[in-house]
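A.B. asks: Just one file: query-v1.csv, with CSV, C-alpha atoms and all ligand atoms.
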chain,number,residue,atom,x,y,z
A,1,MET,CA,-54.9,-127.3,80.6
A,2,GLU,CA,-56.0,-126.6,77.1
A,3,TYR,CA,-58.9,-128.2,75.2
A,4,GLY,CA,-59.5,-128.0,71.4
A,5,SER,CA,-63.0,-129.2,71.1
A,6,GLU,CA,-66.3,-129.6,73.0
A,7,GLU,CA,-65.6,-133.3,73.3
A,8,GLU,CA,-62.2,-132.6,75.0
A,9,LEU,CA,-63.9,-130.1,77.4
A,10,ARG,CA,-66.6,-132.7,78.3
A,11,ARG,CA,-63.8,-135.2,79.1
A,12,ILE,CA,-62.1,-132.7,81.5
A,13,LEU,CA,-65.5,-131.8,83.1
A,14,HIS,CA,-66.1,-135.5,83.8
A,15,ASP,CA,-62.8,-135.9,85.5
A,16,GLU,CA,-62.9,-136.4,89.3
A,17,TYR,CA,-59.5,-134.8,89.8
A,18,PHE,CA,-60.7,-131.6,88.0
A,19,HIS,CA,-63.6,-131.3,90.4
A,20,ALA,CA,-61.4,-131.8,93.4
A,21,CYS,CA,-59.3,-128.8,92.4
A,22,ALA,CA,-60.0,-125.1,92.2
A,23,SER,CA,-60.1,-124.0,88.5
A,24,LEU,CA,-59.8,-120.7,86.6
A,25,HIS,CA,-60.8,-120.3,82.9
A,26,ILE,CA,-58.7,-117.7,81.1
A,27,GLY,CA,-58.6,-116.2,77.7
A,28,SER,CA,-55.4,-114.4,76.7
A,29,GLY,CA,-55.1,-112.9,80.2
A,30,SER,CA,-55.2,-109.3,79.1
A,31,ASN,CA,-57.7,-108.3,81.8
A,32,LEU,CA,-56.3,-110.4,84.7
A,33,LEU,CA,-54.1,-109.3,87.6
A,34,PHE,CA,-52.4,-112.2,89.3
A,35,LEU,CA,-51.5,-111.4,92.9
A,36,GLY,CA,-49.5,-114.5,93.3
A,37,ASP,CA,-49.3,-118.0,91.8
A,38,TYR,CA,-52.7,-119.6,91.1
A,39,ASN,CA,-53.3,-122.7,93.2
A,40,GLY,CA,-55.5,-124.7,90.9
A,41,ILE,CA,-56.1,-125.8,87.3
A,42,VAL,CA,-56.0,-123.0,84.7
A,43,LEU,CA,-58.2,-123.9,81.7
A,44,HIS,CA,-57.9,-122.4,78.3
A,45,SER,CA,-59.9,-122.9,75.2
A,46,ALA,CA,-58.3,-123.6,71.8
A,47,ILE,CA,-61.7,-123.9,70.1
A,48,LYS,CA,-61.4,-121.8,66.9
A,49,GLY,CA,-63.4,-121.4,63.7
A,50,LEU,CA,-65.8,-118.9,62.2
A,51,SER,CA,-68.8,-119.9,60.2
A,52,LEU,CA,-71.6,-118.0,58.5
A,53,THR,CA,-74.7,-119.6,59.8
A,54,GLU,CA,-77.4,-117.4,58.3
A,55,GLU,CA,-77.5,-114.6,55.7
A,56,THR,CA,-80.5,-112.4,54.8
A,57,ARG,CA,-80.6,-109.3,52.5
A,58,GLU,CA,-79.7,-107.2,55.5
A,59,THR,CA,-77.8,-109.2,58.0
A,60,VAL,CA,-75.3,-112.1,58.5
A,61,SER,CA,-75.0,-114.4,61.5
A,62,LEU,CA,-71.6,-115.8,62.5
A,63,ARG,CA,-70.8,-118.6,64.9
A,64,ILE,CA,-67.3,-118.1,66.3
A,65,GLY,CA,-65.1,-120.3,68.5
A,66,ALA,CA,-64.2,-118.8,71.9
A,67,ALA,CA,-60.5,-118.9,71.2
A,68,GLU,CA,-60.6,-116.8,68.1
A,69,ARG,CA,-58.8,-113.5,68.5
A,70,TRP,CA,-61.4,-110.8,68.8
A,71,ASP,CA,-59.6,-108.3,66.6
A,72,ASP,CA,-59.2,-110.9,63.8
A,73,VAL,CA,-63.0,-111.2,63.7
A,74,VAL,CA,-63.4,-107.4,63.6
A,75,ALA,CA,-60.8,-107.3,60.7
A,76,TYR,CA,-62.6,-110.0,58.9
A,77,ALA,CA,-66.1,-108.4,59.3
A,78,VAL,CA,-64.7,-105.0,58.1
A,79,SER,CA,-63.1,-106.7,55.1
A,80,ARG,CA,-66.5,-108.2,54.2
A,81,GLY,CA,-68.4,-104.9,54.6
A,82,TRP,CA,-70.3,-106.1,57.7
A,83,TYR,CA,-71.3,-103.4,60.3
A,84,GLY,CA,-71.7,-103.5,64.0
A,85,ILE,CA,-68.2,-104.2,65.6
A,86,GLU,CA,-65.9,-101.9,63.7
A,87,ASN,CA,-65.7,-99.5,66.7
A,88,LEU,CA,-64.4,-102.5,68.8
A,89,SER,CA,-61.3,-102.6,66.6
A,90,GLY,CA,-58.0,-103.2,68.4
A,91,ILE,CA,-59.4,-104.6,71.7
A,92,PRO,CA,-57.0,-107.3,72.9
A,93,GLY,CA,-58.3,-110.8,73.9
A,94,GLU,CA,-60.4,-113.7,72.6
A,95,CYS,CA,-64.0,-114.0,71.6
A,96,GLY,CA,-65.2,-116.0,74.6
A,97,ALA,CA,-63.8,-113.4,77.0
A,98,ALA,CA,-65.2,-110.6,74.8
A,99,ALA,CA,-68.7,-111.9,75.4
A,100,VAL,CA,-68.0,-112.5,79.2
A,101,GLN,CA,-66.8,-108.9,79.6
A,102,ASN,CA,-69.2,-107.2,77.3
A,103,ILE,CA,-66.3,-105.3,75.8
A,104,GLY,CA,-67.1,-101.8,74.6
A,105,ALA,CA,-65.5,-98.8,73.0
A,106,TYR,CA,-66.5,-95.7,71.1
A,107,GLY,CA,-70.2,-96.1,71.7
A,108,MET,CA,-70.4,-99.8,70.8
A,109,GLU,CA,-70.6,-102.9,73.0
A,110,ILE,CA,-70.5,-106.5,72.0
A,111,LYS,CA,-73.9,-107.0,73.6
A,112,ASP,CA,-75.5,-105.0,70.7
A,113,VAL,CA,-74.5,-107.8,68.3
A,114,VAL,CA,-74.6,-111.0,70.4
A,115,GLU,CA,-77.4,-113.3,69.4
A,116,GLU,CA,-76.5,-116.3,71.5
A,117,VAL,CA,-73.7,-117.7,73.7
A,118,GLU,CA,-73.0,-121.4,73.9
A,119,ALA,CA,-71.6,-122.6,77.3
A,120,TYR,CA,-71.0,-125.6,79.4
A,121,ASP,CA,-71.8,-125.8,83.1
A,122,ARG,CA,-68.5,-126.8,84.8
A,123,ASN,CA,-70.4,-128.5,87.6
A,124,THR,CA,-73.0,-130.6,85.6
A,125,CYS,CA,-71.3,-130.7,82.2
A,126,GLU,CA,-74.5,-129.7,80.6
A,127,LYS,CA,-74.5,-127.5,77.5
A,128,HIS,CA,-76.7,-124.3,77.6
A,129,THR,CA,-77.5,-121.7,75.0
A,130,PHE,CA,-78.0,-118.2,76.3
A,131,THR,CA,-79.8,-115.6,74.3
A,132,ARG,CA,-78.7,-112.0,74.6
A,133,GLU,CA,-81.4,-111.3,77.1
A,134,THR,CA,-80.5,-114.2,79.4
A,135,CYS,CA,-76.8,-113.2,79.3
A,136,ARG,CA,-77.9,-110.2,81.5
A,137,TYR,CA,-75.7,-107.7,79.8
A,138,ALA,CA,-74.9,-104.3,81.3
A,139,TYR,CA,-71.8,-102.0,81.2
A,140,ARG,CA,-68.8,-104.3,81.3
A,141,TYR,CA,-71.0,-107.0,82.9
A,142,SER,CA,-72.7,-110.3,82.0
A,143,ARG,CA,-73.9,-113.2,84.2
A,144,PHE,CA,-70.6,-115.0,83.2
A,145,ARG,CA,-68.6,-112.4,85.1
A,146,GLU,CA,-70.1,-113.4,88.4
A,147,GLU,CA,-67.6,-115.0,90.8
A,148,ASP,CA,-69.7,-118.1,91.0
A,149,SER,CA,-70.6,-118.4,87.4
A,150,PRO,CA,-70.2,-122.1,86.3
A,151,CYS,CA,-70.3,-121.2,82.6
A,152,ILE,CA,-67.5,-122.0,80.2
A,153,LEU,CA,-68.1,-120.4,76.9
A,154,THR,CA,-67.3,-122.4,73.8
A,155,HIS,CA,-68.9,-120.3,71.0
A,156,ILE,CA,-70.5,-117.0,70.5
A,157,ARG,CA,-73.0,-116.1,67.8
A,158,ILE,CA,-73.2,-112.5,66.5
A,159,ARG,CA,-75.4,-110.8,64.0
A,160,LEU,CA,-74.0,-108.0,61.8
A,161,ALA,CA,-75.6,-105.6,59.4
A,162,LYS,CA,-74.9,-105.5,55.7
A,163,THR,CA,-76.1,-101.9,55.4
A,164,PRO,CA,-74.2,-98.9,56.8
A,165,ARG,CA,-74.8,-98.1,60.5
A,166,PHE,CA,-72.0,-96.0,61.6
A,167,VAL,CA,-71.6,-94.9,65.3
A,168,LEU,CA,-69.2,-92.0,65.1
A,169,GLY,CA,-70.4,-89.6,67.8
A,170,TYR,CA,-67.6,-90.3,70.3
A,171,GLY,CA,-64.8,-87.8,71.2
A,172,ASP,CA,-61.7,-88.3,69.1
A,173,LEU,CA,-63.4,-90.5,66.6
A,174,GLN,CA,-66.0,-87.8,65.8
A,175,GLU,CA,-63.3,-85.2,65.2
A,176,ARG,CA,-61.1,-87.4,63.0
A,177,MET,CA,-63.9,-88.9,61.0
A,178,ALA,CA,-65.3,-85.4,60.3
A,179,ASN,CA,-62.1,-84.8,58.2
A,180,LEU,CA,-62.8,-87.9,56.1
A,181,TYR,CA,-66.5,-87.5,55.4
A,182,PRO,CA,-68.2,-87.7,53.0
A,183,GLY,CA,-67.4,-91.1,51.5
A,184,ALA,CA,-65.7,-92.7,54.5
A,185,GLY,CA,-66.2,-96.4,54.8
A,186,LEU,CA,-65.8,-99.2,57.3
A,187,PRO,CA,-62.0,-99.6,56.7
A,188,ASP,CA,-61.6,-95.9,57.4
A,189,VAL,CA,-63.4,-96.2,60.7
A,190,ARG,CA,-61.2,-99.2,61.7
A,191,ARG,CA,-58.0,-97.5,60.6
A,192,THR,CA,-58.9,-94.3,62.5
A,193,ILE,CA,-59.7,-96.2,65.7
A,194,LEU,CA,-56.5,-98.3,65.5
A,195,THR,CA,-54.6,-95.0,65.1
A,196,ILE,CA,-56.3,-93.3,68.1
A,197,ARG,CA,-55.7,-96.4,70.2
A,198,LYS,CA,-52.1,-96.6,69.3
A,199,GLU,CA,-51.6,-93.0,70.2
A,200,LYS,CA,-53.4,-93.3,73.6
A,201,LEU,CA,-52.8,-96.7,74.9
A,202,PRO,CA,-49.5,-98.4,75.8
A,203,ASP,CA,-48.8,-101.6,73.8
A,204,PRO,CA,-49.1,-104.5,76.4
A,205,GLU,CA,-46.2,-106.3,74.5
A,206,GLN,CA,-43.9,-103.4,75.4
A,207,THR,CA,-45.3,-102.1,78.7
A,208,GLY,CA,-47.4,-104.4,80.9
A,209,ASN,CA,-50.9,-103.1,81.4
A,210,ALA,CA,-54.5,-104.4,81.4
A,211,GLY,CA,-56.3,-101.6,79.6
A,212,SER,CA,-58.7,-99.5,81.7
A,213,PHE,CA,-58.0,-100.5,85.3
A,214,PHE,CA,-61.3,-99.1,86.7
A,215,MET,CA,-64.8,-98.9,85.4
A,216,ASN,CA,-66.4,-95.5,84.8
A,217,PRO,CA,-68.5,-95.0,88.0
A,218,LEU,CA,-72.3,-94.4,87.8
A,219,ILE,CA,-73.4,-91.9,90.4
A,220,PRO,CA,-76.9,-90.6,91.3
A,221,MET,CA,-77.8,-87.3,89.7
A,222,ARG,CA,-78.1,-85.6,93.1
A,223,HIS,CA,-74.5,-86.5,93.9
A,224,PHE,CA,-73.4,-85.3,90.5
A,225,GLU,CA,-75.1,-81.9,90.9
A,226,ALA,CA,-73.4,-81.4,94.3
A,227,LEU,CA,-70.0,-82.2,92.6
A,228,GLN,CA,-70.8,-79.8,89.8
A,229,THR,CA,-71.0,-77.0,92.3
A,230,ALA,CA,-67.5,-77.7,93.6
A,231,TYR,CA,-66.1,-78.7,90.2
A,232,PRO,CA,-67.9,-76.9,87.4
A,233,GLY,CA,-65.8,-78.6,84.8
A,234,ILE,CA,-66.6,-82.1,85.8
A,235,PRO,CA,-67.3,-84.2,82.7
A,236,SER,CA,-70.1,-86.8,82.5
A,237,PHE,CA,-71.9,-89.1,80.1
A,238,ALA,CA,-75.5,-90.1,80.0
A,239,ALA,CA,-76.1,-93.5,81.6
A,240,GLU,CA,-78.7,-96.1,80.6
A,241,GLU,CA,-79.9,-96.2,84.2
A,242,GLU,CA,-82.5,-93.5,84.9
A,243,GLY,CA,-81.4,-90.9,87.5
A,244,TYR,CA,-77.7,-91.7,87.1
A,245,VAL,CA,-74.8,-90.3,85.2
A,246,LYS,CA,-71.4,-91.8,84.3
A,247,ILE,CA,-68.2,-90.0,85.3
A,248,PRO,CA,-65.0,-90.7,83.5
A,249,ALA,CA,-62.8,-92.5,86.0
A,250,ALA,CA,-59.7,-91.0,84.2
A,251,TRP,CA,-60.8,-87.5,85.1
A,252,LEU,CA,-61.3,-88.4,88.8
A,253,ILE,CA,-57.8,-90.0,88.9
A,254,GLU,CA,-56.2,-87.1,87.1
A,255,GLN,CA,-57.8,-84.6,89.6
A,256,CYS,CA,-56.3,-86.6,92.4
A,257,GLY,CA,-52.8,-86.0,90.9
A,258,PHE,CA,-52.0,-89.5,89.9
A,259,LYS,CA,-51.4,-89.0,86.1
A,260,GLY,CA,-47.8,-90.1,85.3
A,261,LYS,CA,-47.1,-90.9,89.0
A,262,THR,CA,-45.2,-94.0,90.0
A,263,GLN,CA,-45.1,-96.1,93.2
A,264,GLY,CA,-42.0,-98.2,92.9
A,265,GLU,CA,-42.3,-99.9,89.5
A,266,ALA,CA,-46.0,-99.6,89.3
A,267,GLY,CA,-47.2,-96.4,87.5
A,268,VAL,CA,-50.1,-94.5,86.1
A,269,TYR,CA,-49.7,-94.0,82.3
A,270,GLU,CA,-48.8,-90.4,81.6
A,271,LYS,CA,-51.1,-90.2,78.5
A,272,HIS,CA,-54.1,-91.9,80.1
A,273,PRO,CA,-54.6,-92.0,83.8
A,274,LEU,CA,-57.0,-94.9,83.7
A,275,ILE,CA,-54.2,-97.2,82.7
A,276,LEU,CA,-51.9,-98.7,85.3
A,277,ILE,CA,-48.6,-99.8,83.9
A,278,ASN,CA,-45.7,-102.0,84.9
A,279,THR,CA,-42.6,-99.8,84.4
A,280,GLY,CA,-40.2,-102.6,85.1
A,281,ASN,CA,-40.5,-105.5,87.4
A,282,ALA,CA,-43.6,-104.7,89.4
A,283,CYS,CA,-45.5,-107.7,90.6
A,284,GLY,CA,-49.3,-108.0,90.8
A,285,SER,CA,-49.5,-106.9,94.4
A,286,ASP,CA,-47.5,-103.7,93.6
A,287,ILE,CA,-50.1,-102.8,91.0
A,288,ALA,CA,-52.9,-103.7,93.4
A,289,ARG,CA,-51.3,-101.4,96.0
A,290,LEU,CA,-51.2,-98.5,93.6
A,291,ALA,CA,-54.8,-99.2,92.6
A,292,GLU,CA,-55.8,-99.1,96.3
A,293,SER,CA,-54.0,-95.7,96.8
A,294,ILE,CA,-56.0,-94.3,93.8
A,295,ARG,CA,-59.3,-95.7,95.1
A,296,GLU,CA,-58.7,-94.2,98.5
A,297,ALA,CA,-57.8,-90.7,97.1
A,298,VAL,CA,-60.9,-90.7,94.8
A,299,ALA,CA,-63.2,-91.9,97.6
A,300,MET,CA,-61.8,-89.2,100.0
A,301,ARG,CA,-62.1,-86.3,97.5
A,302,PHE,CA,-65.3,-87.2,95.5
A,303,HIS,CA,-67.1,-89.8,97.7
A,304,ILE,CA,-67.1,-92.2,94.7
A,305,GLY,CA,-66.0,-95.8,95.0
A,306,LEU,CA,-64.0,-96.9,92.0
A,307,VAL,CA,-64.6,-100.5,91.0
A,308,PRO,CA,-61.8,-102.4,89.1
A,309,GLU,CA,-62.6,-103.6,85.6
A,310,VAL,CA,-59.5,-105.8,85.9
A,311,LYS,CA,-60.1,-109.2,87.6
A,312,TYR,CA,-57.9,-109.9,90.5
A,313,ILE,CA,-56.7,-113.5,90.9
A,314,GLY,CA,-55.5,-114.7,94.2
A,401,LIG,C1,-54.2,-102.3,76.0
A,401,LIG,C2,-55.6,-102.8,76.4
A,401,LIG,C3,-56.7,-102.1,75.9
A,401,LIG,C4,-58.0,-102.6,76.2
A,401,LIG,N1,-59.0,-101.9,75.7
A,401,LIG,C5,-60.3,-102.3,76.0
A,401,LIG,C6,-61.4,-101.6,75.5
A,401,LIG,O1,-61.3,-100.6,74.8
A,401,LIG,N2,-62.7,-102.0,75.9
A,401,LIG,C7,-62.9,-103.1,76.7
A,401,LIG,O2,-64.0,-103.5,77.0
A,401,LIG,N3,-61.8,-103.8,77.2
A,401,LIG,C8,-60.5,-103.4,76.9
A,401,LIG,N4,-59.5,-104.1,77.4
A,401,LIG,C9,-59.7,-105.2,78.3
A,401,LIG,C10,-59.6,-106.6,77.6
A,401,LIG,O3,-59.1,-106.5,76.3
A,401,LIG,C11,-61.0,-107.3,77.5
A,401,LIG,O4,-61.5,-107.5,78.9
A,401,LIG,C12,-60.9,-108.7,76.9
A,401,LIG,O5,-62.2,-109.2,76.6
A,401,LIG,C13,-60.1,-109.7,77.7
A,401,LIG,O6,-59.9,-110.8,76.9
A,401,LIG,P1,-58.9,-112.0,77.3
A,401,LIG,O7,-59.0,-113.1,76.2
A,401,LIG,O8,-57.5,-111.5,77.5
A,401,LIG,O9,-59.6,-112.5,78.6
A,401,LIG,P2,-58.9,-112.7,80.1
A,401,LIG,O10,-58.4,-111.5,80.6
A,401,LIG,O11,-58.1,-113.9,80.1
A,401,LIG,O12,-60.3,-113.1,80.9
A,401,LIG,C14,-61.3,-112.1,81.1
A,401,LIG,C15,-62.4,-112.8,81.9
A,401,LIG,O13,-63.1,-113.7,81.0
A,401,LIG,C16,-63.2,-115.0,81.6
A,401,LIG,N5,-63.1,-116.0,80.5
A,401,LIG,C17,-62.2,-116.0,79.5
A,401,LIG,N6,-62.5,-116.9,78.5
A,401,LIG,C18,-63.6,-117.6,79.0
A,401,LIG,C19,-64.4,-118.7,78.5
A,401,LIG,N7,-64.1,-119.3,77.4
A,401,LIG,N8,-65.4,-119.1,79.3
A,401,LIG,C20,-65.7,-118.5,80.5
A,401,LIG,N9,-65.0,-117.4,81.0
A,401,LIG,C21,-63.9,-117.0,80.2
A,401,LIG,C22,-62.0,-115.0,82.6
A,401,LIG,O14,-62.2,-116.0,83.6
A,401,LIG,C23,-62.0,-113.6,83.1
A,401,LIG,O15,-63.0,-113.5,84.0
A,401,LIG,C24,-58.2,-103.7,77.1
A,401,LIG,C25,-57.0,-104.4,77.5
A,401,LIG,C26,-55.7,-104.0,77.2
A,401,LIG,C27,-54.6,-104.7,77.7
Mind turning this structure into structure tokens?
Ligand SMILES: Cc1cc2nc3c(=O)[nH]c(=O)nc-3n(C[C@H](O)[C@H](O)[C@H](O)COP(=O)(O)OP(=O)(O)OC[C@H]3O[C@@H](n4cnc5c(N)ncnc54)[C@H](O)[C@@H]3O)c2cc1C
C.D. replies:
Amino acid sequence: MEYGSEEELRRILHDEYFHACASLHIGSGSNLLFLGDYNGIVLHSAIKGLSLTEETRETVSLRIGAAERWDDVVAYAVSRGWYGIENLSGIPGECGAAAVQNIGAYGMEIKDVVEEVEAYDRNTCEKHTFTRETCRYAYRYSRFREEDSPCILTHIRIRLAKTPRFVLGYGDLQERMANLYPGAGLPDVRRTILTIRKEKLPDPEQTGNAGSFFMNPLIPMRHFEALQTAYPGIPSFAAEEEGYVKIPAAWLIEQCGFKGKTQGEAGVYEKHPLILINTGNACGSDIARLAESIREAVAMRFHIGLVPEVKYIG
């Protein structure tokens, strides 16, 4: 069921039949794994539009409909010379979902630019506006990701900078941008990131995949130090949480020998072990079985519980 305005959404939320059924709100479905048919109403927003709501000498504020393609917004911001989301170039999906998921890449997260999120409560039909703080953002998390969240996002508001604020310290990006400096601009950053992503990630239009299947696990420093003794080359990133470090899930999966492996028609992408792919006609439960084998192997060897970033439905 698709709605194109807040008025249409309110009409759906006032419908008795809607409340008698289970319901699932989706974006473009790029981070969902259906284990079977969904037995309920699938809702999708068609609320589009992007407006400039405030402009100062240093910043601009934009109000964007939940159904806008995230990457179109990034392309637009880059074309206008607005900073703050260029590193999030090429991430599939819609703007509502981007704010639900707290999408992130190359040292940026959408939470860094979100000012407000407008949402309806599916139970009461009341409209609420959440500030960045009340969205309760963390790594790939917001209050809207909770299983029992009643929120349906209709618009997001983001604030971008008009003065240069590059974040170029991440891996491949740092190396490639070093060749372009000095004088590199926003379009160079976007182009470089799109190139890196094209080289590393399978195109979901060609090969079914949902991006990174698992989140990078956070582990206590003491656990990390014990692992370092056994695996001196173990990579890690600083975590925002004191006393914890983040370990690349891709490394853990590769160490367990899954890179490029297949189980039937479900596989682990040979260029990036964090991505599970459908090599033919795998169904959702085939992918889930492979994911479970990976979780078990990583837990057995490293005593780390991988948590899926992908949302299982059914
Ligand atoms: C090739 C590939 C690369 C990717 N790379 C990255 C990456 O670099 N970084 C990253 O963070 N993610 C990445 N992802 C994951 C994905 O792009 C994001 O999670 C994206 O935000 C999902 O958007 P979507 O519109 O497809 O949402 P869906 O997958 O349809 O839904 C995601 C979640 O949002 C909820 N939702 C959607 N719309 C609304 C709404 N209006 N109101 C309330 N809830 C809603 C859904 O219920 C679900 O819980 C990648 C995925 C792929 C396939």
A.B. asks: Neighbouring residues of range 1-8 of chain A were defined as those with any atom within 9 Å, considering only C-alpha atoms; residues of the same chain fewer than 5 positions away were excluded. Please report them as a list in words.
C.D. replies: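 Listed by chain and then number, they are Leu13, Ile41, Val42, Leu43, His44, Ser45, Ala46, Ile47, Lys48, Tyr120 and Thr154 of chain A.
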A.B. asks: Which is closest to ligand LIG 401 (chain A) among A:Val189, A:Leu153, A:Ile64, A:Ala22, if we use all atoms listed in the file?
C.D. replies: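 Ranked by minimum distance to ligand LIG 401 (chain A), first place goes to A:Leu153.
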A.B. asks: Near Val78 in chain A, within 10 Å and counting all atoms listed in the file, which residues show up once chain neighbours fewer than 3 positions away are dropped, as a PDB file with C-alpha atoms, keeping the file's coordinate frame?
C.D. replies:
ATOM      1  CA  ASP A  72     -59.200-110.900  63.800  1.00  0.00           C
ATOM      2  CA  VAL A  73     -63.000-111.200  63.700  1.00  0.00           C
ATOM      3  CA  VAL A  74     -63.400-107.400  63.600  1.00  0.00           C
ATOM      4  CA  ALA A  75     -60.800-107.300  60.700  1.00  0.00           C
ATOM      5  CA  GLY A  81     -68.400-104.900  54.600  1.00  0.00           C
ATOM      6  CA  TRP A  82     -70.300-106.100  57.700  1.00  0.00           C
ATOM      7  CA  TYR A  83     -71.300-103.400  60.300  1.00  0.00           C
ATOM      8  CA  GLY A  84     -71.700-103.500  64.000  1.00  0.00           C
ATOM      9  CA  ILE A  85     -68.200-104.200  65.600  1.00  0.00           C
ATOM     10  CA  GLU A  86     -65.900-101.900  63.700  1.00  0.00           C
ATOM     11  CA  SER A  89     -61.300-102.600  66.600  1.00  0.00           C
ATOM     12  CA  GLY A 185     -66.200 -96.400  54.800  1.00  0.00           C
ATOM     13  CA  LEU A 186     -65.800 -99.200  57.300  1.00  0.00           C
ATOM     14  CA  PRO A 187     -62.000 -99.600  56.700  1.00  0.00           C
ATOM     15  CA  ASP A 188     -61.600 -95.900  57.400  1.00  0.00           C
ATOM     16  CA  VAL A 189     -63.400 -96.200  60.700  1.00  0.00           C
ATOM     17  CA  ARG A 190     -61.200 -99.200  61.700  1.00  0.00           C
TER      18      ARG A 190
END
A.B. asks: Considering only C-alpha atoms, state which residue in the set A:Glu270, A:Asp112, A:Glu265, A:Glu309 is at the smallest distance from Asp286 in chain A.
C.D. replies: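 Of the candidates, the smallest distance to Asp286 in chain A is held by A:Glu265.
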A.B. asks: When you count only C-alpha atoms, which of these residues is closest to Ala161 in chain A: A:Val117, A:Val60, A:Ile103, A:Ala238?
C.D. replies: A:Val60
A.B. asks: How many Å separate CA of Leu227 in chain A from CA of Arg295 in chain A?
C.D. replies: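 Interatomic distance here is 17.4 Å.
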A.B. asks: Of the residues A:Asn209, A:Asn87, A:Ser79, A:Ser142, which is the one nearest to Thr279 in chain A, using all atoms listed in the file?
C.D. replies: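 Answer, going by the shortest atom-to-atom distance: A:Asn209.
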A.B. asks: Excluding Gln206 in chain A and any residue of its chain fewer than 5 positions from it, enumerate the residues within 12 Å of it, using only C-alpha atoms, and give them as a PyMOL selection string.
C.D. replies: chain A and resi 201+277-280
A.B. asks: Rounded to one decimal, what separation in Å do you get between CA of Ser212 in chain A and CA of Pro164 in chain A?
C.D. replies: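 Value for the CA of Ser212 in chain A-CA of Pro164 in chain A distance: 29.3 Å.
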A.B. asks: Which value, in Å to one decimal, gives the distance between CA of Asp203 in chain A and CA of Leu290 in chain A?
C.D. replies: 20.2 Å
A.B. asks: Output file request: range 292-303 of chain A, with N, CA, C and O atoms, as a compact mmCIF listing (two decimals), in the first residue's frame.
C.D. replies:
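Printed below is decode-v1.txt as written:
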# COMPACT_ATOMS: atom_id res chain seq x y z
N GLU A 292 24.03 -17.99 9.35
CA GLU A 292 24.11 -18.70 10.63
C GLU A 292 25.42 -19.50 10.71
O GLU A 292 26.06 -19.53 11.75
N SER A 293 25.81 -20.14 9.59
CA SER A 293 27.09 -20.88 9.60
C SER A 293 28.25 -19.93 9.91
O SER A 293 29.17 -20.28 10.65
N ILE A 294 28.18 -18.72 9.33
CA ILE A 294 29.25 -17.74 9.57
C ILE A 294 29.25 -17.32 11.03
O ILE A 294 30.29 -17.28 11.69
N ARG A 295 28.06 -17.05 11.56
CA ARG A 295 27.96 -16.62 12.97
C ARG A 295 28.55 -17.68 13.91
O ARG A 295 29.29 -17.37 14.83
N GLU A 296 28.20 -18.94 13.61
CA GLU A 296 28.69 -20.03 14.46
C GLU A 296 30.21 -20.12 14.41
O GLU A 296 30.87 -20.27 15.44
N ALA A 297 30.76 -20.04 13.18
CA ALA A 297 32.22 -20.19 13.04
C ALA A 297 32.95 -19.06 13.75
O ALA A 297 33.95 -19.29 14.44
N VAL A 298 32.43 -17.83 13.60
CA VAL A 298 33.09 -16.68 14.23
C VAL A 298 32.97 -16.77 15.75
O VAL A 298 33.94 -16.51 16.49
N ALA A 299 31.82 -17.21 16.23
CA ALA A 299 31.62 -17.33 17.69
C ALA A 299 32.56 -18.38 18.27
O ALA A 299 33.18 -18.19 19.32
N MET A 300 32.70 -19.49 17.54
CA MET A 300 33.53 -20.60 18.02
C MET A 300 35.00 -20.17 18.09
O MET A 300 35.68 -20.42 19.06
N ARG A 301 35.46 -19.48 17.03
CA ARG A 301 36.88 -19.17 16.96
C ARG A 301 37.28 -17.93 17.77
O ARG A 301 38.32 -17.89 18.40
N PHE A 302 36.41 -16.88 17.73
CA PHE A 302 36.81 -15.61 18.35
C PHE A 302 35.97 -15.24 19.58
O PHE A 302 36.20 -14.21 20.19
N HIS A 303 34.96 -16.03 19.89
CA HIS A 303 34.03 -15.70 21.00
C HIS A 303 33.40 -14.33 20.79
O HIS A 303 33.31 -13.52 21.71
